[in-house]
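**Q** Supplied in structure tokens, the structure appears directly below.
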Amino acid sequence: MFTAGRGRLVALGAVVVGAAIALSGCASSDPLSTGGSTAGAGKTLVVGSQDYYSNEIIAQLYTQALENGGYKVQQNFRIGQREVYLPQLEAGKIDVFPEYIGSLDQAVNKGLGKTAPGGTADEVYTDLTSVLPDGLKVLDKAKAADQNSWTVTKAFAKKYDLTDIASLKNVTEPITVGGNSELETRPYGPTALKSKYGINIAGFKAVEDSGGPLTVKALVDNQIQLANIYTADPNIKSNGLVALTDPGNLFFPDNVAPVVSKKVDAKAAKILNAVSAKLSTADLVKLNDQSVTDKKSADAIAKAWLKDKGLVK
Amino acid sequence: MNLLGEGFAWILDLAHYGGLNGIDVRLLQHLAISGLVLLIAAVIAIPVGYLVGHTGRGRALAVGLSGGVRALPTLGLIAILALSIGIGLEAPVIALVVLAIPSILAGAYSGFEAVERGTIDAARAVGMTEWQIVRKVELPLGLPLLIGGLRSASLQVIATATLADYIGGGGLGHFIFLGLKTNKYDEMLAGSILVVVLALVSEAVFSIIQRLVVPAGVTAGRPKDVRVRSSRSRAALG
């Protein structure tokens, strides 16, 4: 009888949760059309975010900073991937969107039938400003970047005095690389390490979880010595890993920057730039960690950070 | 555009042979993984299956357990195992052994169970020991069903061994994972075709073996009636 009652309770719970999801889906089913309707009012700004927890935290930073500056903000978070939201941005239905300059630059160039030239963060940023369609603007980029990296354990880095990618030359033992199988064929993959830095890679082990827990474990267990992990992944911090710096721009720099519509006036731009100015990769990792490890909400994480940096009282 | 044709063309391209990720190397790895898994699974499952089949004890447990284990998703099992024992060949091999055991176990015990009760009684009547009954009566008569179990286990293992390369275990999964992530569908299809071919070869080989191992006496005069389980009592070991 207990189990039956419990079963019913679970079923009821499932219905409630399902209904809640369905209803929230209804509530936001038409979110993209509302931004345009307030055009001219100049007060309500629509902030969007990708369906990626870290991106949502940044969107919260923008939202709360703008609200603090007297703007009314409407949130359209977790919209999906770039293919989905970029057209909406271009149509002026979203006014502020946290972006990653390298990836966005590649996507916009691809849309124009061109290949992004790459280079330093500044070069990528300059290229991005030139290819963005009319009506869209990228504001100042933050120091914070969330991008591919070559990562090693702290012990390994210490043993061979590793700081940047080129210093992998110091390593005298065979290096096995681990990551998604496509990593082996990427322009920044093992072949590039050899051709660009003269680093010998002894082997490649496929670990198909995009730098997730299996990759981290393999690295910590020394089954692989070099892995591709996103720089803002809190796993780097929690497992004492070292993401080697990339002075040679092997990777496309993916600094965080807000992409904005014309409705974002000079004052709003100043507010957003102030946020970017304070946001370092270390900050971003900390913010992500609070989400992954402490399971805090994006809202609360953003509030604490803005206060800490003196951006919001 | 004929994608299937492109898949075959990819396989026939000599540039895709040799080296660590060559078709030849990956194919051999796949065969080796599958063979190793079948061997380990057989070593575990056949004795247990025979014991269950000969004594008639623990059948419900064996059936229930092996049936339940079949429901385990192999990829999930690989990921969980890898989180504790690390990447490489071990986790996929264990997960695949778990996948292979139910079929072999079923083949082993059903092979013994399918032996005519009268035949066993006759064997006992002429003075055979339990061990002789197992060796000279139940084993040869049950062999075709055991091979059937191995056959279906082999098919499943060959198809599922593609997951081994999820954590760097090697095998044909490489082409499928890589093709999928980089939109190289010809490569992905090539990997799939190779797996299908391996599976078909395994089916053919096992079906031939299955036919060859049927004892001559059985083919001469197959019993017409098939007994049901409840009408049978089983000899106990010891």
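Quick note on naming: the chains in the structure tokens go A, B, ... in the order shown, residues restart at 1 in each chain, and ligands are numbered from 1 in order of appearance.
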Could you list, as a ChimeraX atom specification, the residues of chain B having an atom within 8 Å of chain A when counting only C-alpha atoms?
**A** /B:79,82-83,86-87,165-169,174,177-178,181-182
**Q** With 12 Å as the cut-off and only C-alpha atoms counted, what is the closest atom pair between each nearby residue of segment 89-184 of chain B and segment 1-10 of chain B? Distances in Å to one decimal, ordered by chain and number, as a Markdown table.
**A**
| residue | atom | partner | partner_atom | distance |
| --- | --- | --- | --- | --- |
| B:Phe175 | CA | B:Trp10 | CA | 10.8 |
| B:Ile176 | CA | B:Gly7 | CA | 11.4 |
| B:Gly179 | CA | B:Gly7 | CA | 11.0 |
| B:Lys184 | CA | B:Gly7 | CA | 10.0 |
**Q** Taking into account only C-alpha atoms, which residue in the set B:Ala71, B:Ile193, B:Ile147, B:Leu141 is nearest to Val205 of chain B?
**A** B:Ile147
**Q** Taking only segment 26-268 of chain A into account, list the residues labelled strand (DSSP E) by DSSP (computed from the backbone), as a ChimeraX atom specification.
**A** /A:44-48,72-76,96-100,137-138,150-153,175-179,201-206,226-228,241-243,256-260
**Q** Write out, as a tab-separated table (two decimals), in the first residue's frame, the residues just selected, with N, CA and C atoms.
**A**
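Result written to part_4.tsv:
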chain	number	residue	atom	x	y	z
A	44	THR	N	12.89	49.20	-22.58
A	44	THR	CA	12.95	47.76	-22.34
A	44	THR	C	13.92	47.11	-23.30
A	45	LEU	N	14.91	46.43	-22.72
A	45	LEU	CA	15.89	45.73	-23.55
A	45	LEU	C	15.68	44.23	-23.37
A	46	VAL	N	15.78	43.50	-24.46
A	46	VAL	CA	15.63	42.06	-24.39
A	46	VAL	C	17.03	41.44	-24.34
A	47	VAL	N	17.29	40.69	-23.26
A	47	VAL	CA	18.57	39.99	-23.14
A	47	VAL	C	18.34	38.52	-23.40
A	48	GLY	N	19.15	37.94	-24.26
A	48	GLY	CA	19.02	36.51	-24.57
A	48	GLY	C	20.21	35.74	-24.04
A	72	LYS	N	14.74	48.68	-18.16
A	72	LYS	CA	13.84	47.55	-17.97
A	72	LYS	C	14.33	46.43	-18.87
A	73	VAL	N	14.46	45.27	-18.28
A	73	VAL	CA	15.03	44.17	-19.06
A	73	VAL	C	14.05	43.01	-19.13
A	74	GLN	N	13.93	42.48	-20.32
A	74	GLN	CA	13.14	41.27	-20.47
A	74	GLN	C	14.10	40.13	-20.80
A	75	GLN	N	13.97	39.02	-20.09
A	75	GLN	CA	14.91	37.92	-20.29
A	75	GLN	C	14.35	36.87	-21.24
A	76	ASN	N	15.15	36.54	-22.23
A	76	ASN	CA	14.81	35.40	-23.09
A	76	ASN	C	15.99	34.44	-23.06
A	96	VAL	N	20.44	42.22	-26.50
A	96	VAL	CA	21.75	41.96	-25.89
A	96	VAL	C	21.96	40.45	-25.81
A	97	PHE	N	23.10	39.99	-26.28
A	97	PHE	CA	23.36	38.55	-26.25
A	97	PHE	C	24.83	38.31	-25.93
A	98	PRO	N	25.13	37.50	-24.91
A	98	PRO	CA	26.53	37.18	-24.61
A	98	PRO	C	27.07	36.26	-25.70
A	99	GLU	N	28.19	36.64	-26.27
A	99	GLU	CA	28.75	35.83	-27.36
A	99	GLU	C	30.23	35.53	-27.13
A	100	TYR	N	30.74	34.63	-27.94
A	100	TYR	CA	32.15	34.26	-27.89
A	100	TYR	C	32.73	34.67	-29.24
A	137	LYS	N	26.00	45.13	-33.29
A	137	LYS	CA	27.29	45.68	-32.89
A	137	LYS	C	27.85	44.79	-31.79
A	138	VAL	N	29.16	44.62	-31.79
A	138	VAL	CA	29.76	43.91	-30.68
A	138	VAL	C	30.43	44.93	-29.78
A	150	TRP	N	44.81	23.28	-24.44
A	150	TRP	CA	45.60	22.09	-24.14
A	150	TRP	C	45.86	22.10	-22.65
A	151	THR	N	45.37	21.09	-21.98
A	151	THR	CA	45.41	21.08	-20.53
A	151	THR	C	46.19	19.89	-20.01
A	152	VAL	N	46.96	20.12	-18.94
A	152	VAL	CA	47.74	19.05	-18.30
A	152	VAL	C	47.46	19.08	-16.80
A	153	THR	N	47.94	18.07	-16.10
A	153	THR	CA	47.78	18.10	-14.65
A	153	THR	C	48.86	19.00	-14.05
A	175	ILE	N	54.03	11.61	-24.86
A	175	ILE	CA	52.78	12.28	-24.53
A	175	ILE	C	51.63	11.61	-25.29
A	176	THR	N	50.62	11.17	-24.55
A	176	THR	CA	49.41	10.67	-25.19
A	176	THR	C	48.32	11.72	-25.03
A	177	VAL	N	47.70	12.05	-26.16
A	177	VAL	CA	46.64	13.06	-26.16
A	177	VAL	C	45.30	12.37	-26.05
A	178	GLY	N	44.38	12.98	-25.31
A	178	GLY	CA	43.03	12.43	-25.21
A	178	GLY	C	42.00	13.49	-25.52
A	179	GLY	N	40.93	13.07	-26.16
A	179	GLY	CA	39.85	14.00	-26.49
A	179	GLY	C	38.90	13.35	-27.48
A	201	ILE	N	53.94	13.89	-30.34
A	201	ILE	CA	52.82	13.26	-29.65
A	201	ILE	C	52.92	11.77	-29.92
A	202	ALA	N	53.00	10.99	-28.84
A	202	ALA	CA	53.22	9.55	-28.99
A	202	ALA	C	51.95	8.82	-29.40
A	203	GLY	N	50.81	9.27	-28.91
A	203	GLY	CA	49.59	8.53	-29.23
A	203	GLY	C	48.36	9.36	-29.00
A	204	PHE	N	47.25	8.84	-29.47
A	204	PHE	CA	45.99	9.53	-29.29
A	204	PHE	C	44.95	8.56	-28.75
A	205	LYS	N	44.29	8.95	-27.68
A	205	LYS	CA	43.22	8.10	-27.13
A	205	LYS	C	41.90	8.85	-27.26
A	206	ALA	N	40.95	8.22	-27.91
A	206	ALA	CA	39.64	8.85	-28.05
A	206	ALA	C	38.89	8.78	-26.73
A	226	LEU	N	47.78	14.93	-22.06
A	226	LEU	CA	47.37	16.20	-22.64
A	226	LEU	C	45.93	16.05	-23.11
A	227	ALA	N	45.08	17.00	-22.69
A	227	ALA	CA	43.68	16.88	-23.06
A	227	ALA	C	43.13	18.22	-23.51
A	228	ASN	N	42.05	18.17	-24.28
A	228	ASN	CA	41.39	19.38	-24.74
A	228	ASN	C	40.18	19.63	-23.83
A	241	LEU	N	44.03	21.20	-12.58
A	241	LEU	CA	44.62	21.06	-13.90
A	241	LEU	C	45.19	22.41	-14.34
A	242	VAL	N	46.04	22.35	-15.33
A	242	VAL	CA	46.64	23.58	-15.84
A	242	VAL	C	46.37	23.68	-17.34
A	243	ALA	N	45.63	24.72	-17.72
A	243	ALA	CA	45.41	24.97	-19.15
A	243	ALA	C	46.61	25.78	-19.64
A	256	VAL	N	34.59	36.57	-24.30
A	256	VAL	CA	33.18	36.88	-24.14
A	256	VAL	C	32.94	38.34	-24.47
A	257	ALA	N	31.89	38.60	-25.26
A	257	ALA	CA	31.53	39.98	-25.56
A	257	ALA	C	30.03	40.04	-25.86
A	258	PRO	N	29.37	41.12	-25.45
A	258	PRO	CA	27.95	41.23	-25.77
A	258	PRO	C	27.73	41.72	-27.19
A	259	VAL	N	26.84	41.05	-27.90
A	259	VAL	CA	26.42	41.53	-29.21
A	259	VAL	C	25.09	42.25	-28.99
A	260	VAL	N	24.99	43.48	-29.49
A	260	VAL	CA	23.81	44.29	-29.16
A	260	VAL	C	23.15	44.88	-30.40
**Q** If we count only C-alpha atoms, what is near segment 20-28 of chain B at a cut-off of 10 Å, once residues fewer than 4 positions away on the same chain are taken out, given as a list in words?
**A**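 With the cut-off at 10 Å, the set is Gly203 and Phe204 of chain A; Trp10, Ile11, Leu12, Asp13, Leu14, Ala15, His16, Ala32, Ile33, Ser34, Gly170, Gly171, Leu172, Gly173, His174, Phe175, Ala190, Gly191, Leu194, Val195 and Leu198 of chain B.
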**Q** List the neighbours of Ile101 of chain B out to 10 Å using only C-alpha atoms; skip same-chain residues closer than 4 positions along the sequence, and give me the result as a list of chain:residue names.
**A**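 Neighbouring residues, sequence-local ones excluded: B:Val37, B:Leu38, B:Ile40, B:Ala41, B:Ala42, B:Val43, B:Ile44, B:Ala45, B:Ile46, B:Gly49, B:Ser66, B:Gly67, B:Val69, B:Arg70, B:Leu96, B:Val97, B:Leu105, B:Ala106, B:Gly107, B:Gly149, B:Leu150, B:Ala153.
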**Q** Give me a file of those residues, with N, CA and C atoms, as a PDB file, in the first residue's frame.
**A**
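Saved file selection03.pdb follows:
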ATOM      1  N   VAL B  37      36.065 -10.745 -25.779  1.00  0.00           N
ATOM      2  CA  VAL B  37      34.830 -10.658 -25.008  1.00  0.00           C
ATOM      3  C   VAL B  37      34.091 -11.995 -25.051  1.00  0.00           C
ATOM      4  N   LEU B  38      33.992 -12.581 -26.247  1.00  0.00           N
ATOM      5  CA  LEU B  38      33.281 -13.861 -26.377  1.00  0.00           C
ATOM      6  C   LEU B  38      33.968 -14.935 -25.547  1.00  0.00           C
ATOM      7  N   ILE B  40      35.904 -14.583 -22.823  1.00  0.00           N
ATOM      8  CA  ILE B  40      35.689 -14.381 -21.388  1.00  0.00           C
ATOM      9  C   ILE B  40      34.251 -14.739 -21.012  1.00  0.00           C
ATOM     10  N   ALA B  41      33.318 -14.259 -21.834  1.00  0.00           N
ATOM     11  CA  ALA B  41      31.909 -14.524 -21.537  1.00  0.00           C
ATOM     12  C   ALA B  41      31.637 -16.021 -21.559  1.00  0.00           C
ATOM     13  N   ALA B  42      32.264 -16.728 -22.523  1.00  0.00           N
ATOM     14  CA  ALA B  42      32.042 -18.169 -22.640  1.00  0.00           C
ATOM     15  C   ALA B  42      32.608 -18.900 -21.432  1.00  0.00           C
ATOM     16  N   VAL B  43      33.788 -18.483 -21.006  1.00  0.00           N
ATOM     17  CA  VAL B  43      34.423 -19.135 -19.855  1.00  0.00           C
ATOM     18  C   VAL B  43      33.552 -18.981 -18.600  1.00  0.00           C
ATOM     19  N   ILE B  44      32.882 -17.831 -18.497  1.00  0.00           N
ATOM     20  CA  ILE B  44      32.010 -17.619 -17.340  1.00  0.00           C
ATOM     21  C   ILE B  44      30.674 -18.315 -17.530  1.00  0.00           C
ATOM     22  N   ALA B  45      30.075 -18.130 -18.690  1.00  0.00           N
ATOM     23  CA  ALA B  45      28.678 -18.521 -18.866  1.00  0.00           C
ATOM     24  C   ALA B  45      28.491 -20.017 -19.122  1.00  0.00           C
ATOM     25  N   ILE B  46      29.415 -20.653 -19.845  1.00  0.00           N
ATOM     26  CA  ILE B  46      29.189 -22.055 -20.201  1.00  0.00           C
ATOM     27  C   ILE B  46      29.166 -22.968 -18.973  1.00  0.00           C
ATOM     28  N   GLY B  49      26.025 -22.276 -17.086  1.00  0.00           N
ATOM     29  CA  GLY B  49      24.881 -22.750 -17.851  1.00  0.00           C
ATOM     30  C   GLY B  49      24.756 -24.260 -17.789  1.00  0.00           C
ATOM     31  N   SER B  66      20.062 -13.139 -16.013  1.00  0.00           N
ATOM     32  CA  SER B  66      20.614 -12.855 -17.332  1.00  0.00           C
ATOM     33  C   SER B  66      19.646 -12.008 -18.145  1.00  0.00           C
ATOM     34  N   GLY B  67      18.358 -12.235 -17.938  1.00  0.00           N
ATOM     35  CA  GLY B  67      17.375 -11.419 -18.640  1.00  0.00           C
ATOM     36  C   GLY B  67      17.440  -9.973 -18.189  1.00  0.00           C
ATOM     37  N   VAL B  69      19.963  -8.412 -16.847  1.00  0.00           N
ATOM     38  CA  VAL B  69      21.225  -7.787 -17.255  1.00  0.00           C
ATOM     39  C   VAL B  69      21.170  -7.313 -18.701  1.00  0.00           C
ATOM     40  N   ARG B  70      20.364  -8.035 -19.488  1.00  0.00           N
ATOM     41  CA  ARG B  70      20.222  -7.638 -20.896  1.00  0.00           C
ATOM     42  C   ARG B  70      19.714  -6.218 -21.046  1.00  0.00           C
ATOM     43  N   LEU B  96      30.874  -5.362 -22.387  1.00  0.00           N
ATOM     44  CA  LEU B  96      30.479  -6.257 -23.474  1.00  0.00           C
ATOM     45  C   LEU B  96      30.331  -7.696 -22.984  1.00  0.00           C
ATOM     46  N   VAL B  97      31.150  -8.091 -22.009  1.00  0.00           N
ATOM     47  CA  VAL B  97      31.003  -9.430 -21.432  1.00  0.00           C
ATOM     48  C   VAL B  97      29.629  -9.543 -20.775  1.00  0.00           C
ATOM     49  N   LEU B 105      24.742 -18.100 -21.777  1.00  0.00           N
ATOM     50  CA  LEU B 105      24.172 -18.824 -20.644  1.00  0.00           C
ATOM     51  C   LEU B 105      22.902 -19.547 -21.077  1.00  0.00           C
ATOM     52  N   ALA B 106      22.042 -18.842 -21.778  1.00  0.00           N
ATOM     53  CA  ALA B 106      20.787 -19.430 -22.241  1.00  0.00           C
ATOM     54  C   ALA B 106      21.073 -20.593 -23.173  1.00  0.00           C
ATOM     55  N   GLY B 107      22.052 -20.406 -24.078  1.00  0.00           N
ATOM     56  CA  GLY B 107      22.402 -21.479 -25.004  1.00  0.00           C
ATOM     57  C   GLY B 107      22.899 -22.705 -24.259  1.00  0.00           C
ATOM     58  N   GLY B 149      23.707 -19.982 -28.984  1.00  0.00           N
ATOM     59  CA  GLY B 149      23.874 -18.902 -28.002  1.00  0.00           C
ATOM     60  C   GLY B 149      25.108 -18.068 -28.297  1.00  0.00           C
ATOM     61  N   LEU B 150      26.186 -18.757 -28.624  1.00  0.00           N
ATOM     62  CA  LEU B 150      27.427 -18.046 -28.969  1.00  0.00           C
ATOM     63  C   LEU B 150      27.219 -17.191 -30.210  1.00  0.00           C
ATOM     64  N   ALA B 153      25.319 -14.117 -29.260  1.00  0.00           N
ATOM     65  CA  ALA B 153      26.191 -13.260 -28.453  1.00  0.00           C
ATOM     66  C   ALA B 153      27.220 -12.570 -29.343  1.00  0.00           C
TER      67      ALA B 153
END
**Q** What separation in Å, quoted to one decimal, exists between atom CA of Ile236 of chain A and atom CA of Tyr188 of chain A?
**A**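 Between atom CA of Ile236 of chain A and atom CA of Tyr188 of chain A the gap works out to 19.8 Å.
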**Q** Using only C-alpha atoms, determine which residues lie at most 7 Å from segment 286-298 of chain A, disregarding the query and same-chain residues fewer than 4 positions distant; provide the list as an MDAnalysis selection string.
**A** chainID A and resid 54 56:57 60 234 282 302
**Q** Atoms to include: N, CA and C atoms. Write the selected residues as a short mmCIF file (atom, residue, chain, number, x, y, z; two decimals), in the first residue's frame.
**A**
data_model
loop_
_atom_site.label_atom_id
_atom_site.label_comp_id
_atom_site.auth_asym_id
_atom_site.auth_seq_id
_atom_site.Cartn_x
_atom_site.Cartn_y
_atom_site.Cartn_z
N SER A 54 26.79 28.40 -18.56
CA SER A 54 27.76 29.47 -18.36
C SER A 54 27.31 30.75 -19.08
N GLU A 56 24.28 31.58 -19.67
CA GLU A 56 23.14 32.14 -18.95
C GLU A 56 23.62 33.00 -17.78
N ILE A 57 24.69 32.58 -17.14
CA ILE A 57 25.22 33.37 -16.03
C ILE A 57 25.68 34.74 -16.54
N GLN A 60 22.86 36.91 -17.16
CA GLN A 60 22.36 37.45 -15.90
C GLN A 60 23.18 38.66 -15.45
N PRO A 234 34.95 24.40 -14.79
CA PRO A 234 35.38 24.35 -13.38
C PRO A 234 36.18 23.10 -13.04
N ALA A 282 39.34 33.79 -14.93
CA ALA A 282 39.28 33.25 -13.57
C ALA A 282 37.91 33.50 -12.96
N ALA A 302 25.17 35.72 -10.33
CA ALA A 302 25.43 37.01 -10.97
C ALA A 302 25.34 38.14 -9.95
#
